Amino acid sequence: MRYRPIFMEHVVIIGNGISGVTAARHIRKQSNCRISIISSETEHFFSRTALMYLYMGHMKFEHTKPYEDFFWKKNKLDLIHAHVSKLDPAAKLVHFQNGGSLGYDKLILAVGSKPNKFGWPGQDLQGVQGLYSYQDLQSLEQYAPNNRLCKRAVIVGGGLIGIELAEMLSTRDIPVTFLVREPSFWGNVLPASDSALLNKHIASHHIDLRLSSNLKEILSDGAGKVRGVIIHETGEEIPCNFVGLTAGVSPNIDFLKDSGIALGKGILVNRYLETNVQDIYAIGDCAEQKEPIGLRRAVEAVWYTGRMMGETVAQTICGKRTAYRPGNWFNSAKFFDIEYQTYGWVFSGKNKNDMEQHFHWEHEDGTKCITVAYQKDSRIFLGINTFGIRLRHEVVDRWLNEQQTVDFVITNLMKANFDPEWYRKFEISIQSTFQKSTKQLIS
Amino acid sequence: MSTASKDMTLTGQPPASLNRSQKYATGIAIFGLAILLLATFNISFPHKGFWLSTSLISLVLGVILFSKGAYRNTSEGIKNDGVWFKSISNRGFWAWVTGLSLTGFYTILYFYPQYLGLRKGTENTGLIALFDPLSKLLSGNSASQWFVYGTLYTVAILAFGIKFIWKYRHNRYEKIRTISVLFFQTAFAFLIPEFMARLNSDHFQLPYYDLKSVWPLNYYLFQEYHVSTFVSAGTIGVVLLVFGILSILVITPILTYKFGKRWYCSWVCGCGALAETVGDPFRQLSDKRMVAWKVERWVVHSVLVFVVVMTTAVVATYLENNSTKYWLTKDVFLIMVGSFLTLLLIAIWVFRRKELKKDARYGAVGYLVIILFLLAIHYFSGTTLFLFKAETLRTTYGFLIGSIFSGVIGTGFYPIFGSRVWCRFGCPMAAILGLQQRLLSKFRITTNGGQCISCGNCSTYCEMGIDVRAYAQKGENIVRASCVGCGICSAVCPRGVLKLENGPLDKRIDSKEILLGNDVDLMRYLNNQ
Ligand SMILES: Cc1cc2nc3c(=O)[nH]c(=O)nc-3n(C[C@H](O)[C@H](O)[C@H](O)COP(=O)(O)OP(=O)(O)OC[C@H]3O[C@@H](n4cnc5c(N)ncnc54)[C@H](O)[C@@H]3O)c2cc1C
Ligand code: SF4
Ligand code: SF4
């Protein structure tokens, strides 16, 4: 028989990433129930987004922990460092890989993602890996410690993690070849002119950027290690000692296959983040929305949405059933030296409909630009991308809610500036470019 | 538990640590240093002026060429690659060597200046003699150990200031701030006092006075000898003395209200100047733990109490000894101090009680009681205070705080404890400015909505050991007494989350349950409850 506390409800959370930990913190704020957090990755919560800074020597592991180690005990959050191999929803039990099990009253699945592998020949060789977990970082350290042992690295897949990996390797002077499927870096997400700016910036950091290039095959040295790759389009063979697979991530749900929980690409949830099984919830990277939320994707693998789902599910667990209704989309990233922020929707040429119009401004030094999206007829502001200029989240968010026009946004752009004090301001230049471009449109 | 969860420091193998031009640069700097060392060991140089210039120029040139080697071929941006892999910036071998050499230097400087060649009555020898030509050029007098120290201090700030500007060349806030500290150090701390000494003659004496060094950092400003010289110097002296009093009572509060304590700590102050330039490679070594914060608050505020009691006692004794000269008597003075402190505390209690954490509240009350207690004792028992003479108190303070804490530990241990140990744990000026920054100032570090990814860069590189991330990831502004406004947290943040700014007092401190980006109704429900 499993142990069942008489007075205290037991909430079990699988996954100690941002979503699971946020849920735990918010449940603790409102309730005295027993909370257990399970993870097989690291004993304590660390910030995945900071993995690159460990390899680059900006930080040590302890710096990536958002809470000091005493935090967990102080807040009565039980940490269990173990891997869950199976769920038994009927008995309300989670089973651990190394034996043993744990009963729950409510279960939150916050199990995150894993790197995509698309069945490339050689994808399981030594020295071929994704970059997601702490263990991935350790193996990167093993196979690409310096440019003597790793004479060249090839990165496959031009997204945010791919470019982080390129930057990481280049800080150790390891030459990098970067294979990107699209004709322009991150061109499936960014408008062409934004993406073009990044192409140039990447090249300026001595990365061998290969656009419109797919991986055909990864070659073995005969002893189980990678020795090179072959490019699909050209058949060219590139010798290398390390291959980074960064062609996106997908929900980490293999261990749930026979659990009775409905799965699609991820764990299917309704707007209350509830799965098809009573008392089981899913949040963060692993959750897939059954009903679409605005223009958002069904699976959103970013830090912020994980956090927001954690904040939301905690309300439901604590008795105030709350739908997940995220506000305006926002995100940010950094490409080598260029910071990027986005608010609202700015679609790439491929995904954009005819009603979405763009205004683009670029500084002549090639490290700063903005793109504003608006509706063609109503001129309502839809979203903004900035590169090399920081914006104030609160202000832009308000403009989106108020459905301001693009003209209003450009006129008031200074109010949204968030660059450090004394920085050069570009609003005047942006405004005059905007005026010129509207005049052209009218005439 | 798996090994992965233990100490996860990675092996980290960055590219060769020094490139060729950096090696040459190091050679040049060592040459400059060698001249100083030889002089210390009593090698008497002919043409002292020439050799001194050669040495100082080599030192500056070495640092500049080193920076050139480090930053020339890099793009504009954050330069923290390999910080934790290098021995010097990760408490390794070279860090200890540097730390021990510096502490050794400070010990000799403060306590055994004769080994540097200081001679009373006769010509200086050794290192100090090497500096005589420069000192004579500036002030007309021969050098003292303090002149040697002041010169080296200024040269170090200049050289490493240039390095810092190069490193942060993409950041105008950092550049302008650094130019400001370079200016105040060279002009106010170094040149002006030397020129002022030129005005001295047999009938006219001005005390050494660095105008930007405000009491209580300048803890000897009100000591008997100082005040007497000020007063005997006539109008100029009195103007300077009044300026000193206005500095702490009027100028400082106004500027701190408008700009936060950064106007002083990272734009003007000499200790800050050293920490921000020479100390920059060590800023990440500060202790960020909660316990460190607790210790910090107790220690730094105790120093503040100490310096207040000590100065009050010194001034009271002075007034007592010179009771015929002034309208201000000892008793009136003590009553003034007592009432001022009481009023201050009442005001804080009435207007800012909610914002003070519980222990800080206890602390405030406790300290008020202590101060009144001490004053009372003093009031009844003449020149002694708890059996100590006021002058003994002052020398004890000078020894413990002025020399050991600010010099030997504060600077000597840069490579071990980080660059702002003194500013954080020991500086009474920082304590005063900090209280004001927390309670009555427009300055804050704004957190940009929900953009924080909890990466930890900001906390790691905060030299004051502030856990910036703890606030940023809650969407809360950073309003901390100890923040010196260096701006580095904002610079290193990869997501543009932090902005130092002066703004309205309303909503300056804004704790939140739910961050911007989530459901508006949920935010409203939880944040306003
Ligand atoms: C290198 C990198 C950089 C990134 N940068 C950004 C960024 O800048 N901005 C941004 O918005 N997003 C970024 N992301 C994405 C972001 O980190 C993720 O969206 C987020 O961490 C997901 O959080 P989560 O809580 O859903 O899952 P995770 O953080 O993945 O946590 C899940 C945890 O559950 C554990 N787990 C899973 N299954 C089991 C099991 N069966 N038993 C025990 N434990 C299990 C996993 O080991 C893991 O520790 C980045 C991701 C990476 C890899
Ligand atoms: S909080 Fe930021 S600005 Fe303040 S001292 Fe720390 S790093 Fe400097
Ligand atoms: S550096 Fe920026 S993103 Fe990282 S923890 Fe600090 S505020 Fe957050």
# chains A, B, ... in the order shown; residues from 1 in each chain; ligands from 1
>>> select_by_dssp(residues="range 177-425 of chain A", states="helix (DSSP H, G or I)", output="count of residues only")
54
>>> residues_around(residues="range 244-255 of chain A", least_positions_apart="4", cutoff="8 Å", atoms="only C-alpha atoms", output="JSON, numbers by chain")
{"A": [84, 85, 86, 111, 112, 113, 114, 115, 116, 117, 128, 129, 130, 131, 153, 154, 155, 156, 157, 158, 159, 161, 162, 165, 265, 266, 267, 285, 286, 287, 301]}
>>> write_last_selection(atoms="C-alpha atoms", output="short mmCIF file (atom, residue, chain, number, x, y, z; two decimals), in the first residue's frame")
data_model
loop_
_atom_site.label_atom_id
_atom_site.label_comp_id
_atom_site.auth_asym_id
_atom_site.auth_seq_id
_atom_site.Cartn_x
_atom_site.Cartn_y
_atom_site.Cartn_z
CA VAL A 84 11.03 8.55 -13.32
CA SER A 85 10.72 5.61 -15.65
CA LYS A 86 6.97 5.03 -15.54
CA VAL A 111 9.62 17.44 -18.03
CA GLY A 112 10.95 19.85 -20.66
CA SER A 113 12.38 19.00 -24.05
CA LYS A 114 15.08 17.03 -25.75
CA PRO A 115 17.11 17.96 -28.83
CA ASN A 116 15.71 16.83 -32.19
CA LYS A 117 17.48 14.13 -34.13
CA VAL A 128 27.68 14.17 -31.88
CA GLN A 129 25.18 15.76 -29.54
CA GLY A 130 22.61 18.41 -28.85
CA LEU A 131 22.89 21.14 -26.25
CA ALA A 153 33.12 21.75 -35.13
CA VAL A 154 30.04 21.55 -37.31
CA ILE A 155 26.72 22.86 -36.08
CA VAL A 156 23.55 21.65 -37.73
CA GLY A 157 20.46 23.83 -37.47
CA GLY A 158 20.27 27.59 -37.40
CA GLY A 159 18.20 28.50 -34.40
CA ILE A 161 20.73 27.28 -29.53
CA GLY A 162 22.79 26.78 -32.68
CA LEU A 165 26.84 26.96 -29.54
CA LYS A 265 3.78 16.23 -30.22
CA GLY A 266 3.73 16.96 -26.52
CA ILE A 267 1.46 16.25 -23.58
CA ASP A 285 8.18 22.93 -22.87
CA CYS A 286 6.43 19.56 -22.73
CA ALA A 287 2.85 20.84 -22.84
CA ALA A 301 9.60 25.96 -25.78
#
>>> select_by_dssp(residues="range 174-420 of chain B", states="strand (DSSP E or B)", output="list in words")
Thr384, Leu385, Phe388 and Lys389 of chain B
>>> atom_distance(atom1="CA of Val408 in chain B", atom2="CA of Phe195 in chain B")
28.5 Å
>>> atom_distance(atom1="CA of Leu206 in chain B", atom2="CA of Leu109 in chain B")
24.3 Å
>>> residues_around(residues="range 192-205 of chain A", least_positions_apart="4", cutoff="8 Å", atoms="only C-alpha atoms", output="PyMOL selection string")
chain A and resi 184-187+209+335-336+348-349+360+366-367+369-371
>>> closest_residue(among="B:Gly503, B:Gly82, B:Gly92, B:Pro428", to="chain A", atoms="only C-alpha atoms")
B:Gly82
>>> residues_near_ligand(ligand="ligand 2", cutoff="6 Å", atoms="only C-alpha atoms and all ligand atoms", output="MDAnalysis selection string")
chainID B and resid 462:464 466 468 483:489
>>> residues_around(residues="Ile432 in chain B", least_positions_apart="6", cutoff="12 Å", atoms="only C-alpha atoms", output="number ranges by chain")
B: 214-217, 248-249, 252-253, 256, 260-261, 264-265, 297, 300-305, 307-308, 423-424, 426, 438-440, 481-482
>>> residues_near_ligand(ligand="ligand 3", cutoff="9 Å", atoms="only C-alpha atoms and all ligand atoms", output="MDAnalysis selection string")
(chainID A and resid 47 49:50 64 66) or (chainID B and resid 447:448 451:460 467:473 489:498)
>>> write_last_selection(atoms="N, CA and C atoms", output="mmCIF file, in the first residue's frame")
data_model
loop_
_atom_site.group_PDB
_atom_site.id
_atom_site.type_symbol
_atom_site.label_atom_id
_atom_site.label_comp_id
_atom_site.auth_asym_id
_atom_site.auth_seq_id
_atom_site.Cartn_x
_atom_site.Cartn_y
_atom_site.Cartn_z
ATOM 1 N N SER A 47 19.782 27.443 -14.119
ATOM 2 C CA SER A 47 19.214 28.113 -15.273
ATOM 3 C C SER A 47 19.811 27.554 -16.558
ATOM 4 N N THR A 49 19.296 28.440 -19.482
ATOM 5 C CA THR A 49 19.674 29.507 -20.413
ATOM 6 C C THR A 49 21.106 29.969 -20.188
ATOM 7 N N ALA A 50 21.690 29.597 -19.047
ATOM 8 C CA ALA A 50 23.046 30.052 -18.741
ATOM 9 C C ALA A 50 24.093 29.009 -19.084
ATOM 10 N N THR A 64 24.701 29.711 -11.614
ATOM 11 C CA THR A 64 23.516 29.550 -12.447
ATOM 12 C C THR A 64 22.316 29.090 -11.631
ATOM 13 N N PRO A 66 19.375 29.837 -9.458
ATOM 14 C CA PRO A 66 18.628 31.040 -9.080
ATOM 15 C C PRO A 66 18.305 31.117 -7.588
ATOM 16 N N THR B 447 13.685 46.821 -13.522
ATOM 17 C CA THR B 447 13.652 45.503 -14.136
ATOM 18 C C THR B 447 12.669 45.540 -15.295
ATOM 19 N N ASN B 448 13.090 45.035 -16.421
ATOM 20 C CA ASN B 448 12.278 45.161 -17.635
ATOM 21 C C ASN B 448 11.191 44.096 -17.706
ATOM 22 N N GLN B 451 11.238 40.001 -18.771
ATOM 23 C CA GLN B 451 12.264 39.522 -19.698
ATOM 24 C C GLN B 451 13.398 38.712 -19.073
ATOM 25 N N CYS B 452 13.484 38.634 -17.762
ATOM 26 C CA CYS B 452 14.646 37.972 -17.147
ATOM 27 C C CYS B 452 14.613 36.468 -17.369
ATOM 28 N N ILE B 453 15.764 35.886 -17.711
ATOM 29 C CA ILE B 453 15.863 34.439 -17.881
ATOM 30 C C ILE B 453 16.678 33.807 -16.759
ATOM 31 N N SER B 454 16.853 34.508 -15.671
ATOM 32 C CA SER B 454 17.511 33.975 -14.474
ATOM 33 C C SER B 454 18.911 33.432 -14.741
ATOM 34 N N CYS B 455 19.602 33.973 -15.731
ATOM 35 C CA CYS B 455 20.882 33.375 -16.106
ATOM 36 C C CYS B 455 21.945 33.599 -15.040
ATOM 37 N N GLY B 456 21.887 34.733 -14.330
ATOM 38 C CA GLY B 456 22.825 34.936 -13.231
ATOM 39 C C GLY B 456 24.026 35.795 -13.557
ATOM 40 N N ASN B 457 24.137 36.286 -14.778
ATOM 41 C CA ASN B 457 25.275 37.150 -15.108
ATOM 42 C C ASN B 457 25.319 38.384 -14.202
ATOM 43 N N CYS B 458 24.156 38.974 -13.977
ATOM 44 C CA CYS B 458 24.114 40.213 -13.205
ATOM 45 C C CYS B 458 24.637 39.990 -11.792
ATOM 46 N N SER B 459 24.136 38.946 -11.126
ATOM 47 C CA SER B 459 24.580 38.690 -9.759
ATOM 48 C C SER B 459 26.072 38.354 -9.731
ATOM 49 N N THR B 460 26.507 37.553 -10.694
ATOM 50 C CA THR B 460 27.913 37.145 -10.701
ATOM 51 C C THR B 460 28.846 38.350 -10.783
ATOM 52 N N ASP B 467 22.498 40.129 -4.964
ATOM 53 C CA ASP B 467 21.898 39.095 -5.800
ATOM 54 C C ASP B 467 20.842 39.759 -6.686
ATOM 55 N N VAL B 468 21.336 40.421 -7.731
ATOM 56 C CA VAL B 468 20.471 41.204 -8.607
ATOM 57 C C VAL B 468 19.377 40.326 -9.204
ATOM 58 N N ARG B 469 19.783 39.125 -9.582
ATOM 59 C CA ARG B 469 18.828 38.208 -10.218
ATOM 60 C C ARG B 469 17.609 37.934 -9.334
ATOM 61 N N ALA B 470 17.839 37.873 -8.005
ATOM 62 C CA ALA B 470 16.729 37.566 -7.108
ATOM 63 C C ALA B 470 15.595 38.564 -7.293
ATOM 64 N N TYR B 471 15.944 39.812 -7.607
ATOM 65 C CA TYR B 471 14.917 40.824 -7.843
ATOM 66 C C TYR B 471 14.423 40.741 -9.279
ATOM 67 N N ALA B 472 15.368 40.662 -10.212
ATOM 68 C CA ALA B 472 15.007 40.708 -11.629
ATOM 69 C C ALA B 472 14.054 39.579 -12.003
ATOM 70 N N GLN B 473 14.291 38.395 -11.469
ATOM 71 C CA GLN B 473 13.445 37.277 -11.865
ATOM 72 C C GLN B 473 12.060 37.358 -11.225
ATOM 73 N N CYS B 489 25.937 45.281 -13.941
ATOM 74 C CA CYS B 489 24.862 44.291 -14.045
ATOM 75 C C CYS B 489 24.059 44.545 -15.313
ATOM 76 N N SER B 490 23.766 45.814 -15.552
ATOM 77 C CA SER B 490 22.997 46.162 -16.736
ATOM 78 C C SER B 490 23.787 45.863 -18.008
ATOM 79 N N ALA B 491 25.099 46.091 -17.936
ATOM 80 C CA ALA B 491 25.926 45.852 -19.124
ATOM 81 C C ALA B 491 26.015 44.367 -19.460
ATOM 82 N N VAL B 492 26.184 43.519 -18.459
ATOM 83 C CA VAL B 492 26.394 42.100 -18.764
ATOM 84 C C VAL B 492 25.098 41.339 -19.007
ATOM 85 N N CYS B 493 23.968 41.924 -18.663
ATOM 86 C CA CYS B 493 22.704 41.192 -18.852
ATOM 87 C C CYS B 493 22.482 40.926 -20.341
ATOM 88 N N PRO B 494 22.362 39.662 -20.725
ATOM 89 C CA PRO B 494 22.226 39.364 -22.150
ATOM 90 C C PRO B 494 20.829 39.625 -22.699
ATOM 91 N N ARG B 495 19.894 39.979 -21.837
ATOM 92 C CA ARG B 495 18.525 40.167 -22.306
ATOM 93 C C ARG B 495 18.027 41.593 -22.102
ATOM 94 N N GLY B 496 18.922 42.514 -21.769
ATOM 95 C CA GLY B 496 18.509 43.907 -21.637
ATOM 96 C C GLY B 496 17.477 44.122 -20.552
ATOM 97 N N VAL B 497 17.650 43.458 -19.415
ATOM 98 C CA VAL B 497 16.615 43.507 -18.388
ATOM 99 C C VAL B 497 16.782 44.682 -17.426
ATOM 100 N N LEU B 498 18.007 45.187 -17.290
ATOM 101 C CA LEU B 498 18.254 46.118 -16.193
ATOM 102 C C LEU B 498 18.618 47.499 -16.707
#
>>> closest_atom_pairs(of="chain A", to="chain B", cutoff="7 Å", atoms="only C-alpha atoms", output="JSON lines")
{"residue": "A:Thr42", "atom": "CA", "partner": "B:Ser5", "partner_atom": "CA", "distance": 5.4}
{"residue": "A:Glu43", "atom": "CA", "partner": "B:Ser5", "partner_atom": "CA", "distance": 5.6}
{"residue": "A:Ser47", "atom": "CA", "partner": "B:Cys455", "partner_atom": "CA", "distance": 5.6}
{"residue": "A:Thr49", "atom": "CA", "partner": "B:Cys455", "partner_atom": "CA", "distance": 5.9}
{"residue": "A:Ala50", "atom": "CA", "partner": "B:Cys455", "partner_atom": "CA", "distance": 4.8}
{"residue": "A:Tyr55", "atom": "CA", "partner": "B:Gly12", "partner_atom": "CA", "distance": 6.8}
{"residue": "A:Met56", "atom": "CA", "partner": "B:Asp81", "partner_atom": "CA", "distance": 5.4}
{"residue": "A:Gly57", "atom": "CA", "partner": "B:Gly82", "partner_atom": "CA", "distance": 4.1}
{"residue": "A:His58", "atom": "CA", "partner": "B:Asn80", "partner_atom": "CA", "distance": 5.4}
{"residue": "A:Met59", "atom": "CA", "partner": "B:Trp84", "partner_atom": "CA", "distance": 6.5}
{"residue": "A:Lys60", "atom": "CA", "partner": "B:Thr9", "partner_atom": "CA", "distance": 6.0}
{"residue": "A:Phe61", "atom": "CA", "partner": "B:Met8", "partner_atom": "CA", "distance": 6.0}
{"residue": "A:His63", "atom": "CA", "partner": "B:Gly456", "partner_atom": "CA", "distance": 6.0}
{"residue": "A:Thr64", "atom": "CA", "partner": "B:Gly456", "partner_atom": "CA", "distance": 5.5}
{"residue": "A:Pro66", "atom": "CA", "partner": "B:Ser454", "partner_atom": "CA", "distance": 6.2}
{"residue": "A:Pro145", "atom": "CA", "partner": "B:Gln13", "partner_atom": "CA", "distance": 5.9}
{"residue": "A:Asn146", "atom": "CA", "partner": "B:Gln13", "partner_atom": "CA", "distance": 5.9}
{"residue": "A:Thr171", "atom": "CA", "partner": "B:Asp81", "partner_atom": "CA", "distance": 6.7}
{"residue": "A:Arg172", "atom": "CA", "partner": "B:Pro14", "partner_atom": "CA", "distance": 5.2}
{"residue": "A:Asp173", "atom": "CA", "partner": "B:Pro15", "partner_atom": "CA", "distance": 6.4}
{"residue": "A:Trp303", "atom": "CA", "partner": "B:Ile453", "partner_atom": "CA", "distance": 6.7}
{"residue": "A:Met308", "atom": "CA", "partner": "B:Asn518", "partner_atom": "CA", "distance": 5.9}
{"residue": "A:Arg325", "atom": "CA", "partner": "B:Asp519", "partner_atom": "CA", "distance": 5.1}
{"residue": "A:Pro326", "atom": "CA", "partner": "B:Asn518", "partner_atom": "CA", "distance": 4.5}
{"residue": "A:Gly327", "atom": "CA", "partner": "B:Gly517", "partner_atom": "CA", "distance": 5.0}
{"residue": "A:Asn328", "atom": "CA", "partner": "B:Gly517", "partner_atom": "CA", "distance": 6.2}
{"residue": "A:Ser332", "atom": "CA", "partner": "B:Arg495", "partner_atom": "CA", "distance": 6.1}
{"residue": "A:Ala333", "atom": "CA", "partner": "B:Arg495", "partner_atom": "CA", "distance": 6.3}
{"residue": "A:Lys334", "atom": "CA", "partner": "B:Pro494", "partner_atom": "CA", "distance": 6.2}
{"residue": "A:Asp337", "atom": "CA", "partner": "B:Gly77", "partner_atom": "CA", "distance": 5.5}
{"residue": "A:Glu339", "atom": "CA", "partner": "B:Arg495", "partner_atom": "CA", "distance": 6.7}
{"residue": "A:Arg390", "atom": "CA", "partner": "B:Gly496", "partner_atom": "CA", "distance": 6.0}
{"residue": "A:Arg392", "atom": "CA", "partner": "B:Asn448", "partner_atom": "CA", "distance": 6.1}
{"residue": "A:His393", "atom": "CA", "partner": "B:Gly449", "partner_atom": "CA", "distance": 5.3}
{"residue": "A:Glu394", "atom": "CA", "partner": "B:Gly449", "partner_atom": "CA", "distance": 5.8}
{"residue": "A:Phe418", "atom": "CA", "partner": "B:Lys499", "partner_atom": "CA", "distance": 6.7}
{"residue": "A:Pro420", "atom": "CA", "partner": "B:Lys499", "partner_atom": "CA", "distance": 5.6}
{"residue": "A:Glu421", "atom": "CA", "partner": "B:Tyr173", "partner_atom": "CA", "distance": 6.1}
{"residue": "A:Trp422", "atom": "CA", "partner": "B:Tyr173", "partner_atom": "CA", "distance": 5.6}
{"residue": "A:Tyr423", "atom": "CA", "partner": "B:Arg172", "partner_atom": "CA", "distance": 5.6}
>>> write_last_selection(atoms="C-alpha atoms", output="PDB file, in the first residue's frame")
ATOM      1  CA  THR A  42      20.808  18.073 -11.350  1.00  0.00           C
ATOM      2  CA  GLU A  43      20.061  18.062  -7.684  1.00  0.00           C
ATOM      3  CA  SER A  47      19.214  28.113 -15.273  1.00  0.00           C
ATOM      4  CA  THR A  49      19.674  29.507 -20.413  1.00  0.00           C
ATOM      5  CA  ALA A  50      23.046  30.052 -18.741  1.00  0.00           C
ATOM      6  CA  TYR A  55      31.520  26.807 -21.197  1.00  0.00           C
ATOM      7  CA  MET A  56      32.652  30.350 -21.990  1.00  0.00           C
ATOM      8  CA  GLY A  57      33.982  30.817 -18.474  1.00  0.00           C
ATOM      9  CA  HIS A  58      31.715  33.729 -17.561  1.00  0.00           C
ATOM     10  CA  MET A  59      30.199  31.808 -14.686  1.00  0.00           C
ATOM     11  CA  LYS A  60      30.573  28.729 -12.570  1.00  0.00           C
ATOM     12  CA  PHE A  61      27.793  26.268 -12.040  1.00  0.00           C
ATOM     13  CA  HIS A  63      26.192  31.033 -10.237  1.00  0.00           C
ATOM     14  CA  THR A  64      23.516  29.550 -12.447  1.00  0.00           C
ATOM     15  CA  PRO A  66      18.628  31.040  -9.080  1.00  0.00           C
ATOM     16  CA  PRO A 145      37.612  21.174 -24.782  1.00  0.00           C
ATOM     17  CA  ASN A 146      40.019  23.147 -26.985  1.00  0.00           C
ATOM     18  CA  THR A 171      35.526  31.555 -27.499  1.00  0.00           C
ATOM     19  CA  ARG A 172      37.881  28.579 -27.400  1.00  0.00           C
ATOM     20  CA  ASP A 173      39.172  29.341 -30.877  1.00  0.00           C
ATOM     21  CA  TRP A 303      11.572  30.168 -20.633  1.00  0.00           C
ATOM     22  CA  MET A 308       3.753  31.643 -16.835  1.00  0.00           C
ATOM     23  CA  ARG A 325      -4.162  33.052 -20.854  1.00  0.00           C
ATOM     24  CA  PRO A 326      -0.767  34.496 -21.632  1.00  0.00           C
ATOM     25  CA  GLY A 327      -0.632  38.157 -22.634  1.00  0.00           C
ATOM     26  CA  ASN A 328       1.224  39.542 -25.610  1.00  0.00           C
ATOM     27  CA  SER A 332      14.597  37.954 -26.417  1.00  0.00           C
ATOM     28  CA  ALA A 333      17.962  36.519 -27.383  1.00  0.00           C
ATOM     29  CA  LYS A 334      21.515  37.534 -28.046  1.00  0.00           C
ATOM     30  CA  ASP A 337      27.207  40.943 -29.477  1.00  0.00           C
ATOM     31  CA  GLU A 339      20.829  41.807 -28.350  1.00  0.00           C
ATOM     32  CA  ARG A 390      16.561  47.752 -25.740  1.00  0.00           C
ATOM     33  CA  ARG A 392      10.725  48.823 -22.217  1.00  0.00           C
ATOM     34  CA  HIS A 393       8.490  45.785 -21.958  1.00  0.00           C
ATOM     35  CA  GLU A 394       5.776  47.561 -20.011  1.00  0.00           C
ATOM     36  CA  PHE A 418      15.376  51.058 -22.338  1.00  0.00           C
ATOM     37  CA  PRO A 420      21.411  52.415 -20.484  1.00  0.00           C
ATOM     38  CA  GLU A 421      21.727  56.094 -19.631  1.00  0.00           C
ATOM     39  CA  TRP A 422      23.914  58.226 -21.919  1.00  0.00           C
ATOM     40  CA  TYR A 423      23.561  55.822 -24.820  1.00  0.00           C
TER      41      TYR A 423
END
>>> closest_residue(among="A:Ala323, A:Val277, A:Ile338, A:Ile27", to="Glu291 in chain A", atoms="only C-alpha atoms")
A:Ala323
>>> residues_around(residues="Ser55 in chain B", least_positions_apart="5", cutoff="10 Å", atoms="only C-alpha atoms", output="PyMOL selection string")
chain B and resi 28-36+49-50+60-61
>>> atom_distance(atom1="atom 39 (C, counted along the ligand's line) of ligand 1", atom2="CA of Thr316 in chain A")
22.6 Å
>>> residues_around(residues="Leu219 in chain A", least_positions_apart="2", cutoff="6 Å", atoms="only C-alpha atoms", output="compact mmCIF listing (two decimals) with all heavy atoms, in the first residue's frame")
# COMPACT_ATOMS: atom_id res chain seq x y z
N VAL A 226 33.09 10.64 -34.34
CA VAL A 226 32.82 11.39 -35.56
C VAL A 226 34.13 11.84 -36.20
O VAL A 226 35.10 12.16 -35.50
CB VAL A 226 31.92 12.60 -35.24
CG1 VAL A 226 32.52 13.44 -34.14
CG2 VAL A 226 31.71 13.46 -36.48
N ARG A 227 34.17 11.81 -37.53
CA ARG A 227 35.35 12.34 -38.20
C ARG A 227 35.00 13.41 -39.23
O ARG A 227 35.86 14.12 -39.73
CB ARG A 227 36.15 11.20 -38.84
CG ARG A 227 35.87 10.93 -40.29
CD ARG A 227 36.74 9.85 -40.86
NE ARG A 227 35.95 8.99 -41.74
CZ ARG A 227 35.63 9.31 -42.98
NH1 ARG A 227 36.03 10.43 -43.50
NH2 ARG A 227 34.89 8.49 -43.70
N GLY A 228 33.72 13.50 -39.58
CA GLY A 228 33.33 14.53 -40.54
C GLY A 228 31.86 14.45 -40.87
O GLY A 228 31.15 13.58 -40.37
N VAL A 229 31.42 15.40 -41.70
CA VAL A 229 30.03 15.36 -42.16
C VAL A 229 30.01 15.56 -43.67
O VAL A 229 30.97 16.07 -44.26
CB VAL A 229 29.18 16.48 -41.50
CG1 VAL A 229 29.15 16.34 -40.00
CG2 VAL A 229 29.67 17.85 -41.92
>>> residues_around(residues="Asp69 in chain A", least_positions_apart="4", cutoff="9 Å", atoms="only C-alpha atoms", output="PyMOL selection string")
chain A and resi 44+65+73
>>> write_last_selection(atoms="N, CA and C atoms", output="mmCIF file, in the first residue's frame")
data_model
loop_
_atom_site.group_PDB
_atom_site.id
_atom_site.type_symbol
_atom_site.label_atom_id
_atom_site.label_comp_id
_atom_site.auth_asym_id
_atom_site.auth_seq_id
_atom_site.Cartn_x
_atom_site.Cartn_y
_atom_site.Cartn_z
ATOM 1 N N HIS A 44 19.840 20.467 -7.824
ATOM 2 C CA HIS A 44 19.163 21.739 -7.626
ATOM 3 C C HIS A 44 18.818 22.380 -8.966
ATOM 4 N N LYS A 65 22.522 28.874 -10.346
ATOM 5 C CA LYS A 65 21.377 28.459 -9.514
ATOM 6 C C LYS A 65 20.620 29.692 -9.044
ATOM 7 N N LYS A 73 14.829 23.685 1.540
ATOM 8 C CA LYS A 73 14.446 23.187 2.845
ATOM 9 C C LYS A 73 13.609 24.234 3.580
#
>>> closest_residue(among="A:Gln341, A:Asn147, A:Asn32, A:Asn75", to="ligand 1", atoms="only C-alpha atoms and all ligand atoms")
A:Gln341
